[in-house]
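Heads up, protein.txt below (compact mmCIF, C-alpha atoms):
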# COMPACT_ATOMS: atom_id res chain seq x y z
CA MET A 5 63.49 68.07 28.54
CA LEU A 6 64.06 71.77 29.26
CA VAL A 7 67.62 71.62 27.95
CA ARG A 8 66.23 71.05 24.44
CA LEU A 9 64.47 74.40 24.57
CA GLY A 10 67.82 76.16 24.59
CA PRO A 11 68.55 79.63 26.01
CA LEU A 12 65.45 81.74 26.50
CA ASP A 13 66.92 85.16 25.80
CA ALA A 14 64.85 88.26 25.12
CA ASP A 15 66.01 88.49 21.51
CA ARG A 16 64.72 85.00 20.75
CA VAL A 17 61.36 84.98 22.53
CA ALA A 18 58.76 87.71 22.00
CA ASP A 19 57.15 89.21 25.10
CA LEU A 20 53.53 88.11 25.50
CA ARG A 21 52.58 91.06 27.72
CA PRO A 22 51.98 93.69 24.96
CA TYR A 23 49.63 91.30 23.15
CA PHE A 24 47.54 90.79 26.29
CA ASP A 25 47.59 94.55 26.93
CA ALA A 26 45.57 94.95 23.70
CA VAL A 27 42.67 92.88 25.11
CA PRO A 28 39.98 95.15 26.64
CA ASP A 29 39.08 94.55 30.28
CA PRO A 30 35.35 93.66 30.51
CA ARG A 31 35.15 94.46 34.24
CA SER A 32 34.11 97.71 35.86
CA LEU A 33 36.80 99.79 37.57
CA ARG A 34 35.09 99.51 40.93
CA GLY A 35 36.60 96.79 43.09
CA ARG A 36 39.15 95.74 40.46
CA TRP A 37 42.45 94.75 42.09
CA TYR A 38 44.18 92.68 39.41
CA SER A 39 44.81 93.99 35.91
CA LEU A 40 43.43 91.84 33.09
CA THR A 41 46.94 91.33 31.75
CA ALA A 42 48.18 90.06 35.11
CA VAL A 43 45.33 87.53 35.38
CA LEU A 44 45.86 86.32 31.82
CA LEU A 45 49.61 86.00 32.37
CA VAL A 46 49.03 83.86 35.49
CA CYS A 47 46.74 81.65 33.39
CA ALA A 48 49.22 81.45 30.50
CA CYS A 49 52.14 80.54 32.77
CA ALA A 50 50.02 77.93 34.53
CA VAL A 51 48.94 76.25 31.27
CA VAL A 52 52.55 76.19 30.03
CA SER A 53 53.25 74.36 33.29
CA GLY A 54 50.54 71.80 32.51
CA ALA A 55 47.49 73.23 34.31
CA ARG A 56 44.24 71.74 33.04
CA SER A 57 41.47 73.46 35.01
CA ILE A 58 40.64 76.83 36.54
CA ASP A 59 41.52 75.46 39.99
CA GLU A 60 44.94 74.42 38.69
CA LEU A 61 45.46 77.86 37.14
CA ALA A 62 44.91 79.42 40.56
CA GLU A 63 47.12 76.82 42.28
CA TRP A 64 50.04 77.79 40.05
CA GLY A 65 49.67 81.40 41.21
CA GLN A 66 49.48 80.30 44.83
CA ARG A 67 52.74 78.36 44.47
CA ALA A 68 54.52 81.18 42.62
CA SER A 69 57.10 83.15 44.55
CA ASP A 70 56.72 86.81 45.33
CA THR A 71 59.39 87.52 42.71
CA LEU A 72 57.42 85.71 40.00
CA LEU A 73 54.20 87.48 40.94
CA THR A 74 56.06 90.80 40.81
CA VAL A 75 57.29 90.16 37.26
CA ILE A 76 53.81 89.07 36.18
CA GLY A 77 52.33 92.30 37.48
CA ILE A 78 50.45 91.32 40.65
CA ARG A 79 50.02 94.49 42.70
CA ARG A 80 51.55 94.78 46.15
CA HIS A 81 49.13 95.08 49.06
CA LEU A 82 49.55 98.02 51.44
CA LEU A 83 51.00 95.58 53.97
CA GLY A 84 53.66 94.54 51.46
CA TRP A 85 52.49 91.09 50.37
CA ARG A 86 51.23 89.93 47.00
CA ARG A 87 48.43 87.41 46.53
CA ALA A 88 47.62 85.59 43.30
CA PRO A 89 44.03 85.70 41.95
CA SER A 90 41.60 83.11 43.35
CA PRO A 91 39.78 80.47 41.27
CA ALA A 92 36.62 82.58 41.46
CA THR A 93 38.42 85.65 40.11
CA ILE A 94 40.05 83.69 37.29
CA GLY A 95 36.73 82.06 36.40
CA ARG A 96 34.95 85.41 36.24
CA VAL A 97 37.67 86.94 34.06
CA LEU A 98 37.83 84.03 31.60
CA GLY A 99 34.05 83.93 31.43
CA ALA A 100 33.77 87.63 30.61
CA VAL A 101 36.79 88.29 28.36
CA ASP A 102 36.09 88.95 24.66
CA GLY A 103 36.90 85.59 23.02
CA ASP A 104 37.40 87.07 19.56
CA VAL A 105 39.89 89.66 20.76
CA LEU A 106 41.75 87.18 22.96
CA ASP A 107 42.05 84.75 20.04
CA ARG A 108 43.36 87.52 17.79
CA ALA A 109 45.93 88.57 20.39
CA VAL A 110 47.19 85.02 20.96
CA GLY A 111 47.07 84.26 17.23
CA ALA A 112 49.16 87.36 16.44
CA TYR A 113 51.67 86.42 19.14
CA LEU A 114 52.02 82.85 17.90
CA ALA A 115 52.24 83.98 14.27
CA ASP A 116 55.15 86.24 15.18
CA ARG A 117 56.81 83.43 17.13
CA HIS A 118 56.27 80.98 14.27
CA ARG A 119 57.66 83.43 11.71
CA ALA A 120 60.81 83.97 13.75
CA ALA A 121 61.29 80.24 14.38
CA THR A 122 60.79 79.09 10.79
CA GLU A 123 62.53 81.73 8.70
CA PRO A 124 64.64 79.96 6.06
CA THR A 125 68.28 79.58 7.08
CA ARG A 126 69.52 78.59 3.64
CA THR A 127 69.81 80.63 0.44
CA PRO A 128 67.95 79.72 -1.67
CA PRO A 129 65.39 77.98 0.62
CA SER A 130 64.40 74.38 0.07
CA ALA A 131 61.08 73.42 -1.54
CA SER A 132 59.50 72.72 1.85
CA GLU A 133 60.57 76.16 3.08
CA ARG A 134 59.17 77.84 -0.04
CA LEU A 135 55.71 76.42 0.62
CA ARG A 136 54.02 78.00 3.61
CA VAL A 137 51.11 75.70 4.42
CA ILE A 138 48.16 76.32 6.77
CA ALA A 139 45.41 73.84 7.66
CA VAL A 140 41.82 74.79 8.41
CA ASP A 141 40.32 72.35 10.87
CA GLY A 142 37.53 72.23 13.44
CA LYS A 143 37.34 70.78 16.95
CA ALA A 144 34.50 70.32 19.43
CA LEU A 145 34.84 71.08 23.15
CA LYS A 146 32.96 68.01 24.31
CA GLY A 147 32.89 68.84 28.02
CA SER A 148 31.26 72.23 27.44
CA ALA A 149 27.85 70.71 26.60
CA ARG A 150 24.97 71.04 29.03
CA LEU A 151 21.32 69.99 29.00
CA THR A 152 20.35 73.48 27.90
CA ALA A 153 23.28 74.17 25.58
CA LYS A 154 25.11 72.35 22.80
CA ARG A 155 28.82 71.77 23.06
CA ARG A 156 31.01 74.57 21.80
CA HIS A 157 32.84 74.17 18.51
CA LEU A 158 35.97 75.97 17.33
CA LEU A 159 37.45 76.41 13.86
CA SER A 160 41.19 77.00 13.67
CA ALA A 161 43.96 77.88 11.23
CA VAL A 162 47.02 75.80 12.10
CA THR A 163 50.47 75.90 10.51
CA HIS A 164 51.97 72.72 9.10
CA GLY A 165 55.36 71.50 10.25
CA THR A 166 55.85 73.44 13.48
CA VAL A 167 52.22 73.20 14.61
CA VAL A 168 50.96 76.58 15.79
CA THR A 169 47.35 77.84 15.91
CA ILE A 170 47.46 81.34 14.41
CA ALA A 171 43.71 82.02 14.23
CA GLN A 172 40.57 80.64 15.85
CA VAL A 173 36.86 81.41 15.81
CA GLU A 174 33.89 79.89 17.57
CA VAL A 175 31.25 78.48 15.24
CA GLY A 176 28.72 77.08 17.69
CA ALA A 177 27.95 73.86 15.78
CA LYS A 178 29.97 71.75 13.37
CA THR A 179 27.39 72.13 10.60
CA ASN A 180 28.13 75.86 10.49
CA GLU A 181 31.90 75.55 9.92
CA THR A 182 31.76 76.50 6.25
CA THR A 183 30.18 79.88 6.98
CA HIS A 184 33.10 80.77 9.25
CA PHE A 185 35.82 79.83 6.76
CA GLN A 186 36.21 83.38 5.44
CA PRO A 187 35.95 85.18 8.82
CA LEU A 188 38.65 82.88 10.18
CA LEU A 189 41.13 83.61 7.39
CA THR A 190 40.28 87.27 6.65
CA PRO A 191 42.76 88.78 9.18
CA LEU A 192 45.67 86.65 7.90
CA ASP A 193 48.15 87.58 5.18
CA LEU A 194 47.81 84.55 2.91
CA ALA A 195 49.48 85.78 -0.27
CA GLY A 196 51.38 82.80 -1.69
CA THR A 197 50.30 80.55 1.19
CA VAL A 198 48.86 77.08 0.57
CA VAL A 199 45.69 76.37 2.56
CA THR A 200 44.62 72.77 3.14
CA PHE A 201 41.19 71.64 4.30
CA ASP A 202 38.95 68.61 4.28
CA ALA A 203 35.91 67.90 2.13
CA LEU A 204 33.58 69.88 4.39
CA HIS A 205 35.22 73.14 3.31
CA SER A 206 35.49 72.30 -0.38
CA VAL A 207 32.89 74.96 -1.17
CA ARG A 208 33.26 76.84 -4.45
CA ALA A 209 32.48 80.27 -3.01
CA ASN A 210 35.14 79.91 -0.32
CA ILE A 211 37.72 78.60 -2.79
CA THR A 212 37.09 81.44 -5.23
CA TRP A 213 37.44 83.99 -2.41
CA LEU A 214 40.63 82.34 -1.19
CA VAL A 215 42.34 82.48 -4.59
CA GLU A 216 40.99 85.75 -5.98
CA THR A 217 40.79 87.89 -2.84
CA LYS A 218 43.47 86.44 -0.53
CA LYS A 219 45.87 85.52 -3.39
CA ALA A 220 46.44 82.13 -1.77
CA HIS A 221 46.66 78.60 -3.13
CA TYR A 222 44.69 75.61 -1.93
CA ILE A 223 44.75 71.84 -1.76
CA ALA A 224 41.20 70.55 -1.39
CA VAL A 225 40.29 66.94 -0.69
CA ILE A 226 37.25 66.01 -2.76
CA LYS A 227 34.80 63.41 -1.50
CA THR A 228 31.32 62.38 -2.51
CA ASN A 229 29.82 65.55 -0.99
CA GLN A 230 31.08 67.13 -4.26
CA PRO A 231 29.58 64.50 -6.59
CA THR A 232 30.37 66.15 -9.93
CA ALA A 233 33.99 66.98 -9.09
CA HIS A 234 34.52 63.60 -7.42
CA ARG A 235 33.14 61.75 -10.45
CA GLN A 236 35.34 63.76 -12.80
CA LEU A 237 38.44 63.12 -10.70
CA ALA A 238 37.78 59.40 -10.39
CA SER A 239 37.26 59.08 -14.16
CA LEU A 240 40.60 60.62 -15.13
CA PRO A 241 42.99 58.18 -16.88
CA TRP A 242 44.91 57.28 -13.72
CA ARG A 243 45.85 53.83 -15.05
CA ASP A 244 47.85 55.51 -17.81
CA ILE A 245 49.77 57.77 -15.40
CA SER A 246 52.94 56.56 -13.74
CA ILE A 247 53.39 56.74 -9.98
CA GLN A 248 55.29 59.96 -9.28
CA HIS A 249 56.00 59.63 -5.56
CA THR A 250 55.86 56.90 -2.93
CA ALA A 251 56.24 56.92 0.84
CA SER A 252 55.81 54.37 3.59
CA ALA A 253 55.73 54.37 7.37
CA THR A 254 55.61 51.77 10.13
CA GLY A 255 54.54 52.29 13.72
CA HIS A 256 51.98 51.44 16.39
CA GLY A 257 51.42 48.00 14.88
CA ARG A 258 50.57 49.42 11.48
CA ARG A 259 52.34 49.49 8.14
CA GLU A 260 51.17 52.10 5.65
CA SER A 261 52.28 52.97 2.13
CA ARG A 262 51.12 55.80 -0.11
CA SER A 263 51.57 56.39 -3.82
CA VAL A 264 50.89 59.70 -5.52
CA LYS A 265 49.86 60.54 -9.07
CA THR A 266 49.04 63.97 -10.46
CA CYS A 267 47.26 65.02 -13.63
CA ALA A 268 47.00 68.47 -15.20
CA VAL A 269 43.43 69.73 -15.68
CA PRO A 270 43.75 72.81 -17.95
CA ASP A 271 40.61 74.84 -18.56
CA GLN A 272 40.93 74.62 -22.34
CA LEU A 273 40.53 70.84 -22.09
CA GLY A 274 37.38 71.09 -20.03
CA GLY A 275 38.94 71.20 -16.58
CA ILE A 276 36.84 69.96 -13.67
CA ALA A 277 33.89 71.43 -11.80
CA PHE A 278 36.07 73.28 -9.30
CA PRO A 279 37.37 76.88 -9.41
CA HIS A 280 41.02 77.61 -10.25
CA ALA A 281 41.98 73.91 -10.29
CA ARG A 282 45.31 73.25 -12.03
CA LEU A 283 46.27 69.75 -10.88
CA ALA A 284 44.27 66.70 -9.92
CA ILE A 285 45.84 64.45 -7.29
CA ARG A 286 45.25 60.81 -6.47
CA ILE A 287 46.72 59.31 -3.32
CA HIS A 288 46.39 55.54 -3.03
CA ARG A 289 46.82 54.31 0.52
CA ARG A 290 47.49 50.72 1.58
CA CYS A 291 47.34 49.98 5.31
CA LYS A 292 48.08 46.73 7.14
CA GLN A 293 47.23 46.55 10.84
CA THR A 294 48.81 43.67 12.75
CA GLY A 295 46.42 40.74 12.75
CA GLN A 296 44.03 42.34 10.25
CA ARG A 297 43.54 42.31 6.50
CA GLU A 298 45.14 45.00 4.36
CA THR A 299 42.89 47.92 3.45
CA ARG A 300 43.17 50.05 0.34
CA GLU A 301 41.76 53.50 -0.34
CA SER A 302 42.06 56.14 -3.04
CA VAL A 303 41.76 59.78 -2.02
CA TYR A 304 41.28 62.52 -4.61
CA ALA A 305 42.24 66.18 -4.30
CA VAL A 306 42.65 69.26 -6.47
CA THR A 307 44.99 72.19 -6.14
CA SER A 308 45.48 75.62 -7.64
CA LEU A 309 49.24 74.99 -7.72
CA ASP A 310 50.86 74.27 -11.07
CA ALA A 311 53.35 71.46 -11.58
CA HIS A 312 56.28 73.90 -11.54
CA GLN A 313 55.16 75.31 -8.16
CA ALA A 314 55.01 72.04 -6.23
CA THR A 315 56.34 68.54 -6.82
CA PRO A 316 54.25 65.42 -6.17
CA ALA A 317 56.31 64.96 -3.00
CA ASP A 318 55.42 68.50 -1.88
CA LEU A 319 51.73 67.86 -2.50
CA ALA A 320 51.83 64.53 -0.67
CA ALA A 321 53.59 66.16 2.29
CA ALA A 322 50.99 68.92 2.45
CA ILE A 323 48.07 66.48 2.42
CA ARG A 324 49.80 64.23 4.94
CA GLY A 325 50.54 67.28 7.08
CA HIS A 326 46.86 68.18 7.14
CA TRP A 327 45.94 64.71 8.40
CA GLY A 328 48.72 65.06 10.98
CA ILE A 329 47.10 68.11 12.59
CA GLU A 330 44.75 65.73 14.38
CA ASN A 331 47.70 64.10 16.17
CA SER A 332 49.91 67.15 16.56
CA SER A 333 47.32 69.57 17.95
CA HIS A 334 44.00 67.94 18.83
CA HIS A 335 45.54 64.87 20.45
CA THR A 336 47.80 67.04 22.61
CA ARG A 337 44.90 69.22 23.72
CA ASP A 338 42.80 66.18 24.61
CA VAL A 339 45.45 63.95 26.20
CA THR A 340 48.00 66.34 27.72
CA PHE A 341 45.54 69.08 28.69
CA ALA A 342 42.39 66.92 29.06
CA GLU A 343 40.35 69.29 26.91
CA ASP A 344 37.55 66.83 26.15
CA ALA A 345 37.23 66.06 29.87
CA SER A 346 37.05 69.73 30.87
CA THR A 347 33.69 70.73 32.34
CA VAL A 348 34.29 74.47 32.05
CA HIS A 349 31.15 75.78 30.37
CA THR A 350 30.35 79.31 31.57
CA ARG A 351 30.13 82.04 28.94
CA THR A 352 33.51 82.60 27.20
CA ALA A 353 35.55 80.43 29.60
CA PRO A 354 35.62 77.20 27.47
CA ARG A 355 36.94 79.10 24.47
CA ALA A 356 39.43 81.07 26.58
CA MET A 357 40.80 77.85 28.06
CA ALA A 358 41.19 76.40 24.55
CA THR A 359 43.01 79.58 23.49
CA LEU A 360 45.40 79.25 26.43
CA ARG A 361 46.11 75.64 25.45
CA ASN A 362 46.84 76.76 21.89
CA LEU A 363 49.20 79.36 23.33
CA ALA A 364 51.10 76.83 25.44
CA ILE A 365 51.43 74.27 22.64
CA GLY A 366 52.50 76.88 20.09
CA ALA A 367 55.04 78.54 22.39
CA LEU A 368 56.64 75.20 23.26
CA LYS A 369 56.59 73.93 19.67
CA THR A 370 58.37 77.04 18.37
CA LEU A 371 61.11 76.40 20.94
CA GLY A 372 61.58 72.85 19.67
CA ALA A 373 59.69 70.83 22.28
CA ALA A 374 58.96 67.40 20.81
CA ASN A 375 56.93 65.98 23.71
CA ILE A 376 54.56 68.57 25.20
CA ALA A 377 53.50 66.34 28.11
CA LYS A 378 57.07 65.74 29.30
CA THR A 379 58.02 69.38 28.81
CA THR A 380 55.08 70.73 30.83
CA ARG A 381 55.86 68.28 33.65
CA ALA A 382 59.43 69.52 33.73
CA ILE A 383 58.31 73.16 33.79
CA ARG A 384 55.91 72.39 36.64
CA HIS A 385 58.94 71.78 38.86
CA GLU A 386 60.66 74.98 37.66
CA PRO A 387 57.79 77.51 37.49
CA GLN A 388 60.12 80.41 36.74
CA ARG A 389 60.82 78.81 33.34
CA ALA A 390 57.23 79.52 32.26
CA LEU A 391 57.92 83.26 32.26
CA GLY A 392 60.95 82.94 30.01
CA ILE A 393 59.08 80.68 27.60
CA LEU A 394 56.48 83.44 27.17
CA GLY A 395 59.09 86.21 26.97
CA ILE A 396 58.03 87.83 30.27
CA THR A 397 61.16 89.37 31.69
CA HIS A 398 60.70 92.93 32.92
CA ASP A 399 59.22 94.04 36.25
CA PRO A 400 56.04 96.03 35.53
CA ASP A 401 56.49 97.95 38.80
CA THR A 402 59.28 99.82 37.04
CA HIS A 403 56.80 100.81 34.35
CA GLY A 404 54.24 102.37 36.64
CA THR A 405 51.93 99.36 37.09
This entry written out as structure tokens:
Amino acid sequence: MLVRLGPLDADRVADLRPYFDAVPDPRSLRGRWYSLTAVLLVCACAVVSGARSIDELAEWGQRASDTLLTVIGIRRHLLGWRRAPSPATIGRVLGAVDGDVLDRAVGAYLADRHRAATEPTRTPPSASERLRVIAVDGKALKGSARLTAKRRHLLSAVTHGTVVTIAQVEVGAKTNETTHFQPLLTPLDLAGTVVTFDALHSVRANITWLVETKKAHYIAVIKTNQPTAHRQLASLPWRDISIQHTASATGHGRRESRSVKTCAVPDQLGGIAFPHARLAIRIHRRCKQTGQRETRESVYAVTSLDAHQATPADLAAAIRGHWGIENSSHHTRDVTFAEDASTVHTRTAPRAMATLRNLAIGALKTLGAANIAKTTRAIRHEPQRALGILGITHDPDTHGT
């Protein structure tokens, strides 16, 4: 599995250390032995190696050689030995670190990695390379709930294609996601980017801000929570419009086919009750599960893209890509890293652990890893590979640490 990642040279992989250096240390100077960056790097390397809990983060450090600990930045004791941080130390650090700043640091790192990994190699670029697409999606941390506290909930901005989480905020409860839409996307350069989201975020104020302030495009799925727009979309003359794109897929005992139609909705003809809408989209899905009856469903969406900016195939791929985030990111976090089973719940620690999982998945995805579970198992047996994957190469002792 590690052979697929290719050579991990310094020119190809950005160094994570400077990004962690920008995170302020919440601890007092008194009694502090480990730098915040060193603790976070131990955690990052451990999660890349498949660690799921705070105990497993510490165990990775305990197994690491003196050479690895030196490169990470673990200080040498007066007697000459180096000791990795204990579970208690790691737990205190992750519980106290500023979650917003840590998310921004990791998001910036992954955005830089994603940009370097996905730069178009052809001139001119293909249609899929021209469209930079980001999904906005939420996820609950189920194991973080306690009798006295609701489970934590995170809202993320995730790239399509090579799935990388480039921004994340904590929203507290799922019903509050829409109020965090703008804070999540504000730090990002979205000019010319297509943002996809589900019906929950199809809020006019957010869409207007996205187009007029961020200069981005959107593809918004419209359901019955937007009754006027949904009624207008459903009543368009779809029967008179030819199918413009079809796709089918078979797997896991299921056969699915999708057909796409688009319809222009110019303002001078009345438009629809949605800001900056240029095209209406109807995706008709037919699904046949083995041993069950075929199901059919029509999904409606609107976009600010014009017909000359995106083909029906491009639009279908973007909508399909948004649905795929659930499998590409959430499924990996839950199955490979057991996020839903995690009982970490103290202060910022649940969010910090989720951020570290995003970091590991994004770093491996940008290197071409297709199966995160197999890759992390392989790295577990070669712990020194974790440093190269995160671009950690130099010895901080030579830099005065």
Between atom CA of Gly196 of chain A and atom CA of Gln172 of chain A, what is the distance in Å, rounded to a tenth?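 Separation of atom CA of Gly196 of chain A and atom CA of Gln172 of chain A: 20.7 Å.
Atom CA of Gln186 of chain A is found 10.5 Å from atom CA of Thr217 of chain A.
Taking only C-alpha atoms into account, Ala120 of chain A lies nearest to A:Ala18 out of the set A:Gly95, A:Ala18, A:Thr299, A:His326.
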So, with all atoms listed in the file as the atoms that count, which of A:Glu216, A:Asp59, A:Asp338, A:Asp318 lies closest to His280 of chain A?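 The closest residue to His280 of chain A is A:Glu216.
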Lys218 of chain A proximity check over A:Thr197, A:Thr266, A:Ser333, A:Thr232, using all atoms listed in the file: winner is A:Thr197
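Among A:Leu40, A:Val110, A:Ala144, A:Ile170, the residue with the shortest atom-to-atom distance to Glu343 of chain A, counting all atoms listed in the file, is A:Ala144.
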Counting only C-alpha atoms, write as a PyMOL selection string all protein and nucleic acid residues lying at most 7 Å from (55.7, 88.3, 32.3) in the file's frame. chain A and resi 21+45+75-76+391+395-398
Excluding segment 285-293 of chain A and its own-chain neighbours fewer than 3 positions away, which residues fall within 7 Å of it when counting all atoms listed in the file? Please give them as a PDB file with C-alpha atoms, in the frame of the given file.
ATOM      1  CA  GLY A 257      51.420  48.000  14.880  1.00  0.00           C
ATOM      2  CA  ARG A 258      50.570  49.420  11.480  1.00  0.00           C
ATOM      3  CA  ARG A 259      52.340  49.490   8.140  1.00  0.00           C
ATOM      4  CA  GLU A 260      51.170  52.100   5.650  1.00  0.00           C
ATOM      5  CA  SER A 261      52.280  52.970   2.130  1.00  0.00           C
ATOM      6  CA  ARG A 262      51.120  55.800  -0.110  1.00  0.00           C
ATOM      7  CA  SER A 263      51.570  56.390  -3.820  1.00  0.00           C
ATOM      8  CA  VAL A 264      50.890  59.700  -5.520  1.00  0.00           C
ATOM      9  CA  LYS A 265      49.860  60.540  -9.070  1.00  0.00           C
ATOM     10  CA  THR A 266      49.040  63.970 -10.460  1.00  0.00           C
ATOM     11  CA  CYS A 267      47.260  65.020 -13.630  1.00  0.00           C
ATOM     12  CA  GLN A 296      44.030  42.340  10.250  1.00  0.00           C
ATOM     13  CA  ARG A 297      43.540  42.310   6.500  1.00  0.00           C
ATOM     14  CA  GLU A 298      45.140  45.000   4.360  1.00  0.00           C
ATOM     15  CA  THR A 299      42.890  47.920   3.450  1.00  0.00           C
ATOM     16  CA  ARG A 300      43.170  50.050   0.340  1.00  0.00           C
ATOM     17  CA  GLU A 301      41.760  53.500  -0.340  1.00  0.00           C
ATOM     18  CA  SER A 302      42.060  56.140  -3.040  1.00  0.00           C
ATOM     19  CA  VAL A 303      41.760  59.780  -2.020  1.00  0.00           C
ATOM     20  CA  TYR A 304      41.280  62.520  -4.610  1.00  0.00           C
ATOM     21  CA  ALA A 305      42.240  66.180  -4.300  1.00  0.00           C
ATOM     22  CA  VAL A 306      42.650  69.260  -6.470  1.00  0.00           C
TER      23      VAL A 306
END
Which residues of segment 12-44 of chain A come within 12 Å of segment 63-69 of chain A, and what is each one's closest atom pair and distance in Å (one decimal), counting only C-alpha atoms, sorted by chain and residue number, as a tab-separated table?
residue	atom	partner	partner_atom	distance
A:Ala42	CA	A:Gly65	CA	10.7
A:Val43	CA	A:Gly65	CA	9.5
A:Leu44	CA	A:Gly65	CA	11.3
May I have the residues from that selection written out with C-alpha atoms, as an mmCIF file, in the coordinates of the input?
data_model
loop_
_atom_site.group_PDB
_atom_site.id
_atom_site.type_symbol
_atom_site.label_atom_id
_atom_site.label_comp_id
_atom_site.auth_asym_id
_atom_site.auth_seq_id
_atom_site.Cartn_x
_atom_site.Cartn_y
_atom_site.Cartn_z
ATOM 1 C CA ALA A 42 48.180 90.060 35.110
ATOM 2 C CA VAL A 43 45.330 87.530 35.380
ATOM 3 C CA LEU A 44 45.860 86.320 31.820
#
To one decimal in Å, tell me the separation between atom CA of Leu360 of chain A and atom CA of His184 of chain A. 21.2 Å
